[in-house]
Structure formats: structure tokens, C-alpha cells
>>> print(open('upload29.pdb').read())   # PDB, C-alpha atoms, pLDDT in the B column
ATOM      1  CA  MET W   1     115.670  74.385  45.672  1.00 41.00           C
ATOM      2  CA  THR W   2     115.986  78.167  45.992  1.00 41.00           C
ATOM      3  CA  LEU W   3     113.232  80.664  46.587  1.00 40.00           C
ATOM      4  CA  ALA W   4     113.542  82.042  43.069  1.00 43.00           C
ATOM      5  CA  SER W   5     113.109  78.625  41.461  1.00 44.00           C
ATOM      6  CA  THR W   6     110.128  77.934  43.716  1.00 43.00           C
ATOM      7  CA  LEU W   7     108.453  81.174  42.676  1.00 40.00           C
ATOM      8  CA  SER W   8     109.154  80.537  39.003  1.00 44.00           C
ATOM      9  CA  ALA W   9     107.715  77.041  39.257  1.00 44.00           C
ATOM     10  CA  ALA W  10     104.672  78.373  41.038  1.00 43.00           C
ATOM     11  CA  ALA W  11     104.183  80.986  38.335  1.00 45.00           C
ATOM     12  CA  GLY W  12     104.096  78.291  35.661  1.00 46.00           C
ATOM     13  CA  HIS W  13     101.747  76.024  37.623  1.00 43.00           C
ATOM     14  CA  PRO W  14      98.740  77.715  39.246  1.00 44.00           C
ATOM     15  CA  GLY W  15      98.038  74.649  41.401  1.00 41.00           C
ATOM     16  CA  VAL W  16     101.482  74.806  42.910  1.00 40.00           C
ATOM     17  CA  HIS W  17     101.015  78.524  43.515  1.00 42.00           C
ATOM     18  CA  LEU W  18      97.708  77.935  45.319  1.00 41.00           C
ATOM     19  CA  ALA W  19      99.228  75.137  47.418  1.00 42.00           C
ATOM     20  CA  ALA W  20     102.169  77.331  48.374  1.00 44.00           C
ATOM     21  CA  ALA W  21      99.862  80.220  49.188  1.00 45.00           C
ATOM     22  CA  SER W  22      97.560  78.080  51.352  1.00 49.00           C
ATOM     23  CA  HIS W  23     100.498  76.674  53.318  1.00 52.00           C
ATOM     24  CA  GLY W  24     101.852  78.942  55.991  1.00 55.00           C
ATOM     25  CA  PHE W  25     103.142  79.105  59.520  1.00 52.00           C
ATOM     26  CA  LEU W  26      99.682  78.528  61.002  1.00 55.00           C
ATOM     27  CA  SER W  27      98.969  75.502  58.778  1.00 65.00           C
ATOM     28  CA  PRO W  28     101.930  73.129  59.276  1.00 72.00           C
ATOM     29  CA  THR W  29     102.151  69.772  57.582  1.00 81.00           C
ATOM     30  CA  GLY W  30     102.414  66.431  59.326  1.00 82.00           C
ATOM     31  CA  VAL W  31     106.161  66.300  58.722  1.00 84.00           C
ATOM     32  CA  GLU W  32     106.650  69.699  60.325  1.00 84.00           C
ATOM     33  CA  ILE W  33     104.583  68.721  63.362  1.00 89.00           C
ATOM     34  CA  ALA W  34     106.553  65.476  63.740  1.00 91.00           C
ATOM     35  CA  PHE W  35     109.814  67.411  63.357  1.00 90.00           C
ATOM     36  CA  LEU W  36     108.780  69.807  66.143  1.00 91.00           C
ATOM     37  CA  LEU W  37     107.668  67.028  68.516  1.00 94.00           C
ATOM     38  CA  VAL W  38     110.826  64.978  67.969  1.00 94.00           C
ATOM     39  CA  GLY W  39     112.892  68.124  68.434  1.00 92.00           C
ATOM     40  CA  LEU W  40     111.245  68.798  71.800  1.00 94.00           C
ATOM     41  CA  VAL W  41     111.898  65.215  72.943  1.00 94.00           C
ATOM     42  CA  THR W  42     115.517  65.460  71.775  1.00 94.00           C
ATOM     43  CA  PHE W  43     115.998  68.770  73.572  1.00 92.00           C
ATOM     44  CA  GLY W  44     114.517  67.343  76.774  1.00 93.00           C
ATOM     45  CA  ALA W  45     116.771  64.259  76.594  1.00 92.00           C
ATOM     46  CA  ALA W  46     119.843  66.428  76.021  1.00 91.00           C
ATOM     47  CA  LEU W  47     118.874  68.638  78.970  1.00 89.00           C
ATOM     48  CA  VAL W  48     118.503  65.622  81.280  1.00 90.00           C
ATOM     49  CA  THR W  49     121.846  64.272  80.011  1.00 88.00           C
ATOM     50  CA  VAL W  50     123.778  67.310  81.223  1.00 84.00           C
ATOM     51  CA  THR W  51     121.815  67.819  84.466  1.00 83.00           C
ATOM     52  CA  THR W  52     121.514  64.315  85.946  1.00 83.00           C
ATOM     53  CA  ARG W  53     124.009  63.191  88.567  1.00 79.00           C
ATOM     54  CA  GLN W  54     123.832  59.512  87.596  1.00 80.00           C
ATOM     55  CA  LEU W  55     126.435  58.719  84.969  1.00 80.00           C
ATOM     56  CA  VAL W  56     124.690  55.634  83.595  1.00 82.00           C
ATOM     57  CA  HIS W  57     121.411  57.517  83.262  1.00 84.00           C
ATOM     58  CA  ALA W  58     123.269  60.314  81.468  1.00 86.00           C
ATOM     59  CA  ALA W  59     124.645  57.814  78.953  1.00 85.00           C
ATOM     60  CA  LEU W  60     121.188  56.312  78.362  1.00 88.00           C
ATOM     61  CA  TRP W  61     119.575  59.706  77.914  1.00 91.00           C
ATOM     62  CA  LEU W  62     122.369  60.521  75.474  1.00 90.00           C
ATOM     63  CA  VAL W  63     121.163  57.548  73.416  1.00 90.00           C
ATOM     64  CA  VAL W  64     117.684  59.112  73.302  1.00 92.00           C
ATOM     65  CA  ALA W  65     119.091  62.490  72.256  1.00 93.00           C
ATOM     66  CA  LEU W  66     121.252  61.028  69.479  1.00 92.00           C
ATOM     67  CA  GLY W  67     118.397  58.820  68.301  1.00 92.00           C
ATOM     68  CA  GLY W  68     116.143  61.871  68.118  1.00 93.00           C
ATOM     69  CA  LEU W  69     118.691  63.595  65.903  1.00 92.00           C
ATOM     70  CA  ALA W  70     118.671  60.561  63.609  1.00 92.00           C
ATOM     71  CA  VAL W  71     114.867  60.814  63.327  1.00 93.00           C
ATOM     72  CA  GLU W  72     115.196  64.511  62.502  1.00 91.00           C
ATOM     73  CA  TYR W  73     117.611  63.662  59.693  1.00 90.00           C
ATOM     74  CA  LEU W  74     115.105  61.135  58.332  1.00 88.00           C
ATOM     75  CA  LEU W  75     112.363  63.761  58.369  1.00 88.00           C
ATOM     76  CA  LEU W  76     114.694  66.024  56.362  1.00 83.00           C
ATOM     77  CA  THR W  77     115.113  63.225  53.738  1.00 80.00           C
ATOM     78  CA  ALA W  78     118.772  62.747  54.711  1.00 80.00           C
ATOM     79  CA  GLU W  79     118.617  59.007  55.290  1.00 82.00           C
ATOM     80  CA  PHE W  80     122.354  58.445  54.821  1.00 82.00           C
ATOM     81  CA  ILE W  81     123.249  60.947  57.560  1.00 84.00           C
ATOM     82  CA  ALA W  82     120.546  59.396  59.766  1.00 88.00           C
ATOM     83  CA  TRP W  83     122.008  55.887  59.492  1.00 86.00           C
ATOM     84  CA  VAL W  84     125.525  57.218  60.055  1.00 85.00           C
ATOM     85  CA  GLN W  85     124.192  58.901  63.189  1.00 88.00           C
ATOM     86  CA  VAL W  86     122.753  55.585  64.416  1.00 89.00           C
ATOM     87  CA  LEU W  87     125.734  53.407  63.499  1.00 86.00           C
ATOM     88  CA  ILE W  88     128.547  55.680  64.700  1.00 84.00           C
ATOM     89  CA  TYR W  89     127.122  57.700  67.568  1.00 84.00           C
ATOM     90  CA  VAL W  90     124.388  55.491  69.004  1.00 84.00           C
ATOM     91  CA  GLY W  91     126.054  52.200  68.130  1.00 81.00           C
ATOM     92  CA  SER W  92     129.700  53.035  68.837  1.00 80.00           C
ATOM     93  CA  VAL W  93     130.266  56.183  70.873  1.00 81.00           C
ATOM     94  CA  VAL W  94     127.645  55.397  73.521  1.00 81.00           C
ATOM     95  CA  VAL W  95     128.815  51.781  73.763  1.00 80.00           C
ATOM     96  CA  LEU W  96     132.395  52.986  74.302  1.00 80.00           C
ATOM     97  CA  LEU W  97     131.131  55.414  76.929  1.00 80.00           C
ATOM     98  CA  LEU W  98     129.323  52.621  78.788  1.00 78.00           C
ATOM     99  CA  PHE W  99     132.399  50.395  78.589  1.00 78.00           C
ATOM    100  CA  GLY W 100     134.486  53.248  79.989  1.00 76.00           C
ATOM    101  CA  LEU W 101     132.063  53.628  82.897  1.00 75.00           C
ATOM    102  CA  MET W 102     132.256  49.913  83.627  1.00 75.00           C
ATOM    103  CA  LEU W 103     136.057  49.666  83.321  1.00 73.00           C
ATOM    104  CA  THR W 104     136.615  52.667  85.577  1.00 70.00           C
ATOM    105  CA  LYS W 105     134.109  51.293  88.110  1.00 68.00           C
ATOM    106  CA  ALA W 106     132.067  54.462  88.046  1.00 63.00           C
ATOM    107  CA  PRO W 107     129.305  54.682  90.666  1.00 65.00           C
ATOM    108  CA  ILE W 108     125.935  53.412  89.469  1.00 66.00           C
ATOM    109  CA  GLY W 109     123.836  55.632  91.760  1.00 64.00           C
ATOM    110  CA  ARG W 110     123.885  59.373  92.334  1.00 65.00           C
ATOM    111  CA  SER W 111     127.390  60.785  92.283  1.00 63.00           C
ATOM    112  CA  PRO W 112     128.134  64.186  93.895  1.00 63.00           C
ATOM    113  CA  ASP W 113     131.333  64.347  91.847  1.00 63.00           C
ATOM    114  CA  ALA W 114     129.259  64.684  88.667  1.00 61.00           C
ATOM    115  CA  ASP W 115     128.430  68.295  89.573  1.00 64.00           C
ATOM    116  CA  SER W 116     131.324  70.727  89.205  1.00 66.00           C
ATOM    117  CA  GLY W 117     129.504  73.685  90.741  1.00 71.00           C
ATOM    118  CA  ASN W 118     129.895  75.821  87.603  1.00 77.00           C
ATOM    119  CA  ARG W 119     126.361  75.416  86.303  1.00 76.00           C
ATOM    120  CA  TRP W 120     125.803  79.117  85.601  1.00 82.00           C
ATOM    121  CA  ALA W 121     129.032  79.434  83.638  1.00 86.00           C
ATOM    122  CA  ALA W 122     128.201  76.278  81.682  1.00 82.00           C
ATOM    123  CA  LEU W 123     124.656  77.540  81.046  1.00 83.00           C
ATOM    124  CA  THR W 124     125.979  80.863  79.778  1.00 90.00           C
ATOM    125  CA  VAL W 125     128.414  79.188  77.395  1.00 91.00           C
ATOM    126  CA  ALA W 126     125.719  76.776  76.179  1.00 86.00           C
ATOM    127  CA  VAL W 127     123.209  79.560  75.487  1.00 91.00           C
ATOM    128  CA  ALA W 128     125.827  81.657  73.685  1.00 94.00           C
ATOM    129  CA  ALA W 129     126.871  78.675  71.550  1.00 93.00           C
ATOM    130  CA  ALA W 130     123.240  77.846  70.735  1.00 89.00           C
ATOM    131  CA  VAL W 131     122.469  81.442  69.711  1.00 94.00           C
ATOM    132  CA  ALA W 132     125.584  81.592  67.529  1.00 95.00           C
ATOM    133  CA  LEU W 133     124.755  78.244  65.896  1.00 91.00           C
ATOM    134  CA  VAL W 134     121.144  79.209  65.189  1.00 91.00           C
ATOM    135  CA  TRP W 135     122.230  82.565  63.756  1.00 92.00           C
ATOM    136  CA  VAL W 136     124.800  80.942  61.464  1.00 91.00           C
ATOM    137  CA  VAL W 137     122.332  78.312  60.198  1.00 86.00           C
ATOM    138  CA  VAL W 138     119.536  80.816  59.612  1.00 87.00           C
ATOM    139  CA  ASP W 139     121.873  83.245  57.851  1.00 87.00           C
ATOM    140  CA  ALA W 140     123.351  80.499  55.643  1.00 83.00           C
ATOM    141  CA  PHE W 141     120.062  78.825  54.650  1.00 79.00           C
ATOM    142  CA  ARG W 142     117.697  81.780  54.761  1.00 79.00           C
ATOM    143  CA  THR W 143     116.582  81.434  51.123  1.00 77.00           C
ATOM    144  CA  THR W 144     117.141  77.694  50.729  1.00 72.00           C
ATOM    145  CA  TRP W 145     114.147  75.415  50.249  1.00 71.00           C
ATOM    146  CA  ILE W 146     114.094  71.620  50.345  1.00 65.00           C
ATOM    147  CA  ASP W 147     111.928  70.025  47.682  1.00 66.00           C
ATOM    148  CA  LEU W 148     110.506  66.962  49.420  1.00 60.00           C
ATOM    149  CA  ASN W 149     108.935  65.765  46.157  1.00 65.00           C
ATOM    150  CA  GLY W 150     112.205  65.978  44.208  1.00 63.00           C
ATOM    151  CA  PRO W 151     115.307  63.780  44.345  1.00 62.00           C
ATOM    152  CA  ALA W 152     116.629  63.070  47.818  1.00 63.00           C
ATOM    153  CA  ALA W 153     119.288  65.581  48.818  1.00 65.00           C
ATOM    154  CA  GLY W 154     120.756  63.458  51.594  1.00 64.00           C
ATOM    155  CA  SER W 155     121.018  60.109  49.836  1.00 70.00           C
ATOM    156  CA  THR W 156     124.172  58.011  49.825  1.00 75.00           C
ATOM    157  CA  ARG W 157     125.016  58.898  46.231  1.00 78.00           C
ATOM    158  CA  VAL W 158     124.572  62.656  46.648  1.00 76.00           C
ATOM    159  CA  THR W 159     126.482  62.713  49.941  1.00 76.00           C
ATOM    160  CA  GLY W 160     129.313  60.602  48.517  1.00 78.00           C
ATOM    161  CA  GLU W 161     129.682  62.809  45.450  1.00 80.00           C
ATOM    162  CA  SER W 162     129.775  65.962  47.582  1.00 77.00           C
ATOM    163  CA  LEU W 163     132.201  64.395  50.061  1.00 78.00           C
ATOM    164  CA  PHE W 164     134.759  63.093  47.594  1.00 80.00           C
ATOM    165  CA  ARG W 165     134.538  66.027  45.166  1.00 82.00           C
ATOM    166  CA  ASN W 166     134.170  69.153  47.271  1.00 82.00           C
ATOM    167  CA  TRP W 167     135.331  68.018  50.719  1.00 81.00           C
ATOM    168  CA  VAL W 168     138.005  65.429  49.950  1.00 83.00           C
ATOM    169  CA  LEU W 169     140.867  67.439  51.519  1.00 87.00           C
ATOM    170  CA  PRO W 170     139.130  67.997  54.909  1.00 84.00           C
ATOM    171  CA  PHE W 171     138.051  64.335  54.815  1.00 80.00           C
ATOM    172  CA  GLU W 172     141.640  63.147  54.415  1.00 85.00           C
ATOM    173  CA  ALA W 173     142.872  65.611  57.057  1.00 88.00           C
ATOM    174  CA  LEU W 174     140.294  64.245  59.488  1.00 83.00           C
ATOM    175  CA  SER W 175     141.404  60.673  58.771  1.00 84.00           C
ATOM    176  CA  VAL W 176     145.030  61.626  59.543  1.00 90.00           C
ATOM    177  CA  LEU W 177     143.886  63.286  62.779  1.00 87.00           C
ATOM    178  CA  LEU W 178     141.983  60.170  63.845  1.00 83.00           C
ATOM    179  CA  LEU W 179     144.995  58.007  62.996  1.00 87.00           C
ATOM    180  CA  ALA W 180     147.232  60.225  65.153  1.00 88.00           C
ATOM    181  CA  ALA W 181     144.744  59.969  68.028  1.00 83.00           C
ATOM    182  CA  LEU W 182     144.700  56.172  67.681  1.00 81.00           C
ATOM    183  CA  VAL W 183     148.498  55.953  67.727  1.00 86.00           C
ATOM    184  CA  GLY W 184     148.633  58.275  70.751  1.00 82.00           C
ATOM    185  CA  ALA W 185     146.099  56.132  72.620  1.00 77.00           C
ATOM    186  CA  ILE W 186     148.166  52.999  71.910  1.00 81.00           C
ATOM    187  CA  VAL W 187     151.381  54.670  73.118  1.00 81.00           C
ATOM    188  CA  LEU W 188     149.729  55.929  76.310  1.00 77.00           C
ATOM    189  CA  SER W 189     148.170  52.543  77.072  1.00 72.00           C
ATOM    190  CA  ARG W 190     151.511  50.732  76.581  1.00 75.00           C
ATOM    191  CA  LYS W 191     153.264  53.257  78.843  1.00 67.00           C
ATOM    192  CA  ALA W 192     150.653  52.830  81.552  1.00 59.00           C
ATOM    193  CA  LYS W 193     150.945  49.051  81.293  1.00 61.00           C
ATOM    194  CA  ALA W 194     154.756  49.246  81.571  1.00 63.00           C
ATOM    195  CA  ASP W 195     154.479  51.456  84.667  1.00 63.00           C
ATOM    196  CA  THR W 196     152.018  49.009  86.222  1.00 64.00           C
ATOM    197  CA  ASP W 197     154.293  46.036  85.528  1.00 60.00           C
ATOM    198  CA  ALA W 198     157.287  47.892  86.997  1.00 61.00           C
ATOM    199  CA  THR W 199     155.313  48.734  90.132  1.00 65.00           C
ATOM    200  CA  SER W 200     154.243  45.110  90.500  1.00 61.00           C
ATOM    201  CA  VAL W 201     157.813  43.841  90.114  1.00 58.00           C
ATOM    202  CA  THR W 202     159.068  46.414  92.652  1.00 60.00           C
ATOM    203  CA  GLY W 203     156.403  45.371  95.125  1.00 56.00           C
ATOM    204  CA  VAL W 204     157.235  41.693  94.750  1.00 51.00           C
ATOM    205  CA  THR W 205     160.962  42.377  95.181  1.00 55.00           C
ATOM    206  CA  THR W 206     160.367  44.457  98.302  1.00 55.00           C
ATOM    207  CA  ALA W 207     158.184  41.747  99.782  1.00 51.00           C
ATOM    208  CA  GLY W 208     160.837  39.122  99.005  1.00 54.00           C
ATOM    209  CA  GLU W 209     163.542  41.207 100.629  1.00 55.00           C
ATOM    210  CA  LYS W 210     161.450  41.671 103.763  1.00 56.00           C
ATOM    211  CA  GLU W 211     160.780  37.946 103.925  1.00 57.00           C
ATOM    212  CA  GLY W 212     164.512  37.204 103.551  1.00 56.00           C
ATOM    213  CA  ALA W 213     165.390  39.658 106.293  1.00 56.00           C
ATOM    214  CA  ARG W 214     163.071  37.834 108.660  1.00 58.00           C
TER
END
>>> encode(input="upload29.pdb", output="C-alpha cells")
Amino acid sequence: MTLASTLSAAAGHPGVHLAAASHGFLSPTGVEIAFLLVGLVTFGAALVTVTTRQLVHAALWLVVALGGLAVEYLLLTAEFIAWVQVLIYVGSVVVLLLFGLMLTKAPIGRSPDADSGNRWAALTVAVAAAVALVWVVVDAFRTTWIDLNGPAAGSTRVTGESLFRNWVLPFEALSVLLLAALVGAIVLSRKAKADTDATSVTGVTTAGEKEGAR
């Protein structure tokens, strides 16, 4: 819902005009207050994720940060994106991360290797990326309004129609990219397994030769 359509609707309905006039920055609604509080919690969880030296704690705080983003999507009436956030990121990516920590026998406690010593460079890059992202979003949606009383803009039907009509080519390109990554992971894992088997066979042969020499 654009600003022009909002003003035209308010002009035709005095009650809407009075409600829009009475609502301002100093009189936020309950949804806006909840959005701000959840955003602060999400920001705090993300900050702890990148500053803690315990890998398991970082993964768990990442769950909180991703879950907070899902709540933000729900508050923006984008329930489909919110459930995708929960199912894919919270339910899959974090689980894979925890499995990777367990399979690599990562330390459970504090790990000095988790700090690279480049905190100031990382902070500079993060701040620059955040400023650029905020500027792009504000510039793109400066005059865009979301009608919370109208049809849901982030429902499954609306998202599916936009995805397979306007964004079908990037969607297919992304699927090919993911398929290539999957094939590459399979090839690398098979190569590593073959190298491990060859090393084991070489070790057994060397041990047998030493035993025969004795």
C-alpha cells in the first residue's frame, strides 16, 4: 500500500484520516513495540554469537537470533517466510552446525582458537555492511506502507505467485548452484575416504613387512 493510496483512502474516510493523524512516532502500537523488543533481543543474540569463544554456545545463541528473525517476519504478516526461517535455518542449518561440531570433536569449553585477533577489522566490515543494508532498504521502501488490515502480503499464495512468475529464473539458477555444491561435497567426501583407505592399507602393509623382517 503506497503513501498516495493511503492519503486518498484517508481523504475519503475521515475516521481513517483521524486515526492516521493521531498515530505517530511517539504513539507506537503494540505490534511496533513488540517488533522493537524482539529486534533488540535478536541483535543481542547475534552479538553474543560472534563474540563468544565457546562454539556450542555460539550455535545455541544463533538459534535465538534466527528464531527472533522468524518472530519479526510474523509481526510483519509474512507467515510463510517465518515458517521457512524456522524449518530451514533453525531446524536444518543449526542442526548441521551442531553435528559438524560433534563430528570434528570441537572443544566444548572456551576455545582460544575461536578468536582470530582481527576484531577491529571484522567490526569495521560489519558496521559498513549494516549501514549499506539499512540505506538500501530505507531507500527502496521509503514510501511503501504495509496494510495490516488488508490481505496478507507474505502468505504462501502471494509468495508462490511472486516466486514462480517474477523470480523463476533466479530460483532455477539457485537450484542448479545447490546441486553443484551437493555433487562437489560428494566428490570431496569420496576422495577423502579413498585417501584414508589407502593410508590404512599402507600402514597395515608396512607393519606386516616389519613383522616378517623380525
>>> resolve_selection(input="upload29.pdb", expression="the PyMOL selection byres ((chain W and resi 31) around 12)", output="count of residues only")
20
>>> residues_around(input="upload29.pdb", residues="Arg119 of chain W", least_positions_apart="5", cutoff="10 Å", atoms="all atoms listed in the file", output="ChimeraX atom specification")
/W:50-51,124-125
>>> atom_distance(input="upload29.pdb", atom1="atom CA of Leu62 of chain W", atom2="atom CA of Ala46 of chain W")
6.4 Å
>>> atom_distance(input="upload29.pdb", atom1="atom CA of Ala130 of chain W", atom2="atom CA of Leu169 of chain W")
28.1 Å
>>> resolve_selection(input="upload29.pdb", expression="the PyMOL selection byres ((chain W and resi 58) around 12)", output="list in words")
Ala45, Ala46, Leu47, Val48, Thr49, Val50, Thr51, Thr52, Arg53, Gln54, Leu55, Val56, His57, Ala59, Leu60, Trp61, Leu62, Val63, Val64, Ala65, Val94, Leu97, Leu98, Leu101, Ile108, Gly109, Arg110, Ser111 and Ala114 of chain W
>>> closest_residue(input="upload29.pdb", among="W:Leu96, W:Thr159, W:Ala181, W:Leu66", to="Glu79 of chain W", atoms="all atoms listed in the file")
W:Thr159
>>> atom_distance(input="upload29.pdb", atom1="atom CA of Val137 of chain W", atom2="atom CA of Thr42 of chain W")
18.6 Å
>>> closest_residue(input="upload29.pdb", among="W:Ala132, W:Glu172, W:Ser155, W:Ala70", to="Ile88 of chain W", atoms="all atoms listed in the file")
W:Ala70
>>> axis_aligned_box(input="upload29.pdb", around="segment 169-177 of chain W", padding_each_side="6 Å", output="AutoDock Vina command-line options")
--center_x 141.5 --center_y 64.3 --center_z 57.1 --size_x 19.0 --size_y 19.3 --size_z 23.3
>>> residues_around(input="upload29.pdb", residues="Thr156 of chain W", least_positions_apart="2", cutoff="9 Å", atoms="all atoms listed in the file", output="MDAnalysis selection string")
chainID W and resid 78:81 154 158:161
>>> write_last_selection(input="upload29.pdb", atoms="C-alpha atoms", output="PDB file, in the frame of the given file")
ATOM      1  CA  ALA W  78     118.772  62.747  54.711  1.00 80.00           C
ATOM      2  CA  GLU W  79     118.617  59.007  55.290  1.00 82.00           C
ATOM      3  CA  PHE W  80     122.354  58.445  54.821  1.00 82.00           C
ATOM      4  CA  ILE W  81     123.249  60.947  57.560  1.00 84.00           C
ATOM      5  CA  GLY W 154     120.756  63.458  51.594  1.00 64.00           C
ATOM      6  CA  VAL W 158     124.572  62.656  46.648  1.00 76.00           C
ATOM      7  CA  THR W 159     126.482  62.713  49.941  1.00 76.00           C
ATOM      8  CA  GLY W 160     129.313  60.602  48.517  1.00 78.00           C
ATOM      9  CA  GLU W 161     129.682  62.809  45.450  1.00 80.00           C
TER      10      GLU W 161
END
